[in-house]
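All remarks here apply to the structure that follows.
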Amino acid sequence: MNKPVNPYHYVTGCISGKWKMTILHHIHHYGKIRFNETKKTLQVSEKVLSQQLKELAADGLVERIQYNTIPLKVEYILTPLGEDLIPALDILYIWSIRRMAQLNIPIDPDAFAVHTERKYIDQLMDIMDAYKKKQQE
């Protein structure tokens, strides 16, 4: 018989890892990603990116699509389960930015560069404006 699992432990197991939530958002933002481009963009090691993509695929959040071309072409897309997780990640992102601003924790400038959709701007305009002013000083 399987041992019962706490739902919070299950979801954190699926998205824990330094880059998993960023990878999921990256795929959502661009529609698909390729390994080498993502490695350069996120400045993540090959080993970590590879491992986290494998884990995301094993958890059913990401699909690896391999094209039989020369050179080999591989893309990663979100599965419907991965897409279902994006609104929850958005809430976590917005909460995190607000809390970091309250605590005066420096926010990575890239956090604003890829989160340009209206849903983020509506929630974080005050913080984004303050950040831009600080950058101009």
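By convention in this document, the chains of the structure tokens carry letters A, B, ... by their order, each chain's residues are numbered from 1, and ligands are numbered from 1 in the order they are shown.
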
**Request:** Extract, using only C-alpha atoms, all DNA, RNA and protein residues at most 12 Å from Asp108 of chain A, discarding same-chain residues fewer than 3 positions from it, and format them as JSON, numbers by chain.
**Result:** {"A": [42, 96, 97, 100, 101, 105, 111, 112, 113, 114, 115, 128, 131, 135]}

All heavy atoms of the current selection, written as a JSON list (two decimals), in the first residue's frame:
```json
[["chain", "number", "residue", "atom", "x", "y", "z"],
["A", 42, "LEU", "N", 19.79, 31.86, -19.02],
["A", 42, "LEU", "CA", 19.63, 31.78, -17.57],
["A", 42, "LEU", "C", 20.95, 31.69, -16.83],
["A", 42, "LEU", "O", 20.98, 31.80, -15.61],
["A", 42, "LEU", "CB", 18.75, 30.57, -17.20],
["A", 42, "LEU", "CG", 17.32, 30.58, -17.72],
["A", 42, "LEU", "CD1", 16.59, 29.34, -17.25],
["A", 42, "LEU", "CD2", 16.59, 31.83, -17.28],
["A", 96, "SER", "N", 6.47, 37.21, -3.80],
["A", 96, "SER", "CA", 7.90, 37.28, -3.53],
["A", 96, "SER", "C", 8.46, 38.67, -3.83],
["A", 96, "SER", "O", 9.22, 39.23, -3.03],
["A", 96, "SER", "CB", 8.64, 36.23, -4.38],
["A", 96, "SER", "OG", 10.01, 36.27, -4.12],
["A", 97, "ILE", "N", 8.09, 39.26, -4.95],
["A", 97, "ILE", "CA", 8.56, 40.61, -5.30],
["A", 97, "ILE", "C", 8.10, 41.61, -4.24],
["A", 97, "ILE", "O", 8.87, 42.45, -3.77],
["A", 97, "ILE", "CB", 8.06, 41.03, -6.70],
["A", 97, "ILE", "CG1", 8.71, 40.18, -7.79],
["A", 97, "ILE", "CG2", 8.30, 42.52, -6.94],
["A", 97, "ILE", "CD1", 10.18, 40.42, -8.03],
["A", 100, "MET", "N", 10.08, 41.00, -0.99],
["A", 100, "MET", "CA", 11.47, 41.43, -1.14],
["A", 100, "MET", "C", 11.56, 42.96, -1.09],
["A", 100, "MET", "O", 12.47, 43.51, -0.47],
["A", 100, "MET", "CB", 12.05, 40.90, -2.45],
["A", 100, "MET", "CG", 12.25, 39.39, -2.44],
["A", 100, "MET", "SD", 12.71, 38.73, -4.07],
["A", 100, "MET", "CE", 14.38, 39.37, -4.23],
["A", 101, "ALA", "N", 10.61, 43.64, -1.71],
["A", 101, "ALA", "CA", 10.60, 45.11, -1.68],
["A", 101, "ALA", "C", 10.39, 45.61, -0.24],
["A", 101, "ALA", "O", 11.05, 46.56, 0.19],
["A", 101, "ALA", "CB", 9.52, 45.65, -2.61],
["A", 105, "ILE", "N", 15.27, 43.79, -0.01],
["A", 105, "ILE", "CA", 16.17, 42.77, -0.57],
["A", 105, "ILE", "C", 16.35, 43.12, -2.04],
["A", 105, "ILE", "O", 15.36, 43.28, -2.76],
["A", 105, "ILE", "CB", 15.57, 41.36, -0.42],
["A", 105, "ILE", "CG1", 15.44, 41.00, 1.06],
["A", 105, "ILE", "CG2", 16.40, 40.32, -1.17],
["A", 105, "ILE", "CD1", 14.68, 39.71, 1.33],
["A", 111, "ALA", "N", 14.32, 39.76, -13.25],
["A", 111, "ALA", "CA", 12.98, 39.43, -12.76],
["A", 111, "ALA", "C", 11.92, 40.29, -13.42],
["A", 111, "ALA", "O", 10.80, 39.84, -13.65],
["A", 111, "ALA", "CB", 12.91, 39.58, -11.24],
["A", 112, "PHE", "N", 12.27, 41.53, -13.74],
["A", 112, "PHE", "CA", 11.33, 42.42, -14.39],
["A", 112, "PHE", "C", 11.38, 42.31, -15.91],
["A", 112, "PHE", "O", 10.40, 42.59, -16.58],
["A", 112, "PHE", "CB", 11.57, 43.87, -13.96],
["A", 112, "PHE", "CG", 11.40, 44.08, -12.49],
["A", 112, "PHE", "CD1", 12.44, 44.55, -11.71],
["A", 112, "PHE", "CD2", 10.19, 43.81, -11.86],
["A", 112, "PHE", "CE1", 12.28, 44.75, -10.36],
["A", 112, "PHE", "CE2", 10.02, 44.00, -10.50],
["A", 112, "PHE", "CZ", 11.08, 44.48, -9.74],
["A", 113, "ALA", "N", 12.50, 41.88, -16.44],
["A", 113, "ALA", "CA", 12.68, 41.83, -17.89],
["A", 113, "ALA", "C", 11.76, 40.82, -18.56],
["A", 113, "ALA", "O", 11.26, 41.06, -19.65],
["A", 113, "ALA", "CB", 14.13, 41.53, -18.24],
["A", 114, "VAL", "N", 11.53, 39.69, -17.93],
["A", 114, "VAL", "CA", 10.71, 38.65, -18.56],
["A", 114, "VAL", "C", 9.28, 38.63, -18.04],
["A", 114, "VAL", "O", 8.45, 37.90, -18.56],
["A", 114, "VAL", "CB", 11.32, 37.24, -18.43],
["A", 114, "VAL", "CG1", 12.63, 37.16, -19.15],
["A", 114, "VAL", "CG2", 11.47, 36.84, -16.99],
["A", 115, "HIS", "N", 9.00, 39.41, -17.04],
["A", 115, "HIS", "CA", 7.65, 39.47, -16.48],
["A", 115, "HIS", "C", 7.01, 40.80, -16.89],
["A", 115, "HIS", "O", 6.78, 41.67, -16.07],
["A", 115, "HIS", "CB", 7.68, 39.33, -14.95],
["A", 115, "HIS", "CG", 8.07, 37.97, -14.50],
["A", 115, "HIS", "ND1", 9.38, 37.56, -14.42],
["A", 115, "HIS", "CD2", 7.32, 36.91, -14.14],
["A", 115, "HIS", "CE1", 9.42, 36.31, -13.99],
["A", 115, "HIS", "NE2", 8.18, 35.89, -13.82],
["A", 128, "MET", "N", 7.98, 48.24, -9.64],
["A", 128, "MET", "CA", 8.73, 48.37, -10.89],
["A", 128, "MET", "C", 9.17, 49.82, -11.10],
["A", 128, "MET", "O", 10.32, 50.08, -11.47],
["A", 128, "MET", "CB", 7.91, 47.89, -12.08],
["A", 128, "MET", "CG", 7.69, 46.41, -12.12],
["A", 128, "MET", "SD", 6.59, 45.96, -13.50],
["A", 128, "MET", "CE", 6.86, 44.20, -13.59],
["A", 131, "TYR", "N", 11.90, 50.69, -8.69],
["A", 131, "TYR", "CA", 13.14, 50.02, -9.10],
["A", 131, "TYR", "C", 13.80, 50.79, -10.25],
["A", 131, "TYR", "O", 15.01, 50.99, -10.25],
["A", 131, "TYR", "CB", 12.84, 48.57, -9.53],
["A", 131, "TYR", "CG", 14.06, 47.85, -9.98],
["A", 131, "TYR", "CD1", 14.94, 47.30, -9.04],
["A", 131, "TYR", "CD2", 14.37, 47.72, -11.32],
["A", 131, "TYR", "CE1", 16.09, 46.65, -9.44],
["A", 131, "TYR", "CE2", 15.52, 47.06, -11.72],
["A", 131, "TYR", "CZ", 16.37, 46.53, -10.78],
["A", 131, "TYR", "OH", 17.50, 45.90, -11.18],
["A", 135, "GLN", "N", 17.51, 52.61, -10.35],
["A", 135, "GLN", "CA", 18.50, 52.27, -11.37],
["A", 135, "GLN", "C", 19.04, 53.53, -12.04],
["A", 135, "GLN", "O", 20.18, 53.56, -12.48],
["A", 135, "GLN", "CB", 17.92, 51.33, -12.41],
["A", 135, "GLN", "CG", 17.57, 49.96, -11.90],
["A", 135, "GLN", "CD", 18.78, 49.18, -11.47],
["A", 135, "GLN", "OE1", 19.33, 49.39, -10.38],
["A", 135, "GLN", "NE2", 19.23, 48.29, -12.29]]
```

**Item:** Residue list (alpha helix (DSSP H), DSSP) for segment 25-120 of chain A, as JSON, numbers by chain
**Value:** {"A": [25, 26, 27, 28, 29, 30, 35, 36, 37, 38, 39, 40, 41, 42, 46, 47, 48, 49, 50, 51, 52, 53, 54, 55, 56, 57, 58, 80, 81, 82, 83, 84, 85, 86, 87, 88, 89, 90, 91, 92, 93, 94, 95, 96, 97, 98, 99, 100, 101, 102, 110, 111, 112, 113, 118, 119, 120]}

**Request:** Could you jot down the atom CA of Gln102 of chain A to atom CA of Pro87 of chain A separation for me, Å, one decimal place?
**Result:**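 Separation of atom CA of Gln102 of chain A and atom CA of Pro87 of chain A: 22.8 Å.
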
**Given only C-alpha atoms as the counted atoms, nearest of A:Leu24, A:Pro4, A:Ile65, A:Leu49 to Asp84 of chain A** =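 Residue with the minimum atom-to-atom distance to Asp84 of chain A: A:Leu24.
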
**Request:** Per DSSP on the backbone, filter chain A down to the residues in strand (DSSP E or B) and report them as a PyMOL selection string.
**Result:** chain A and resi 33-34+62-67+73-78
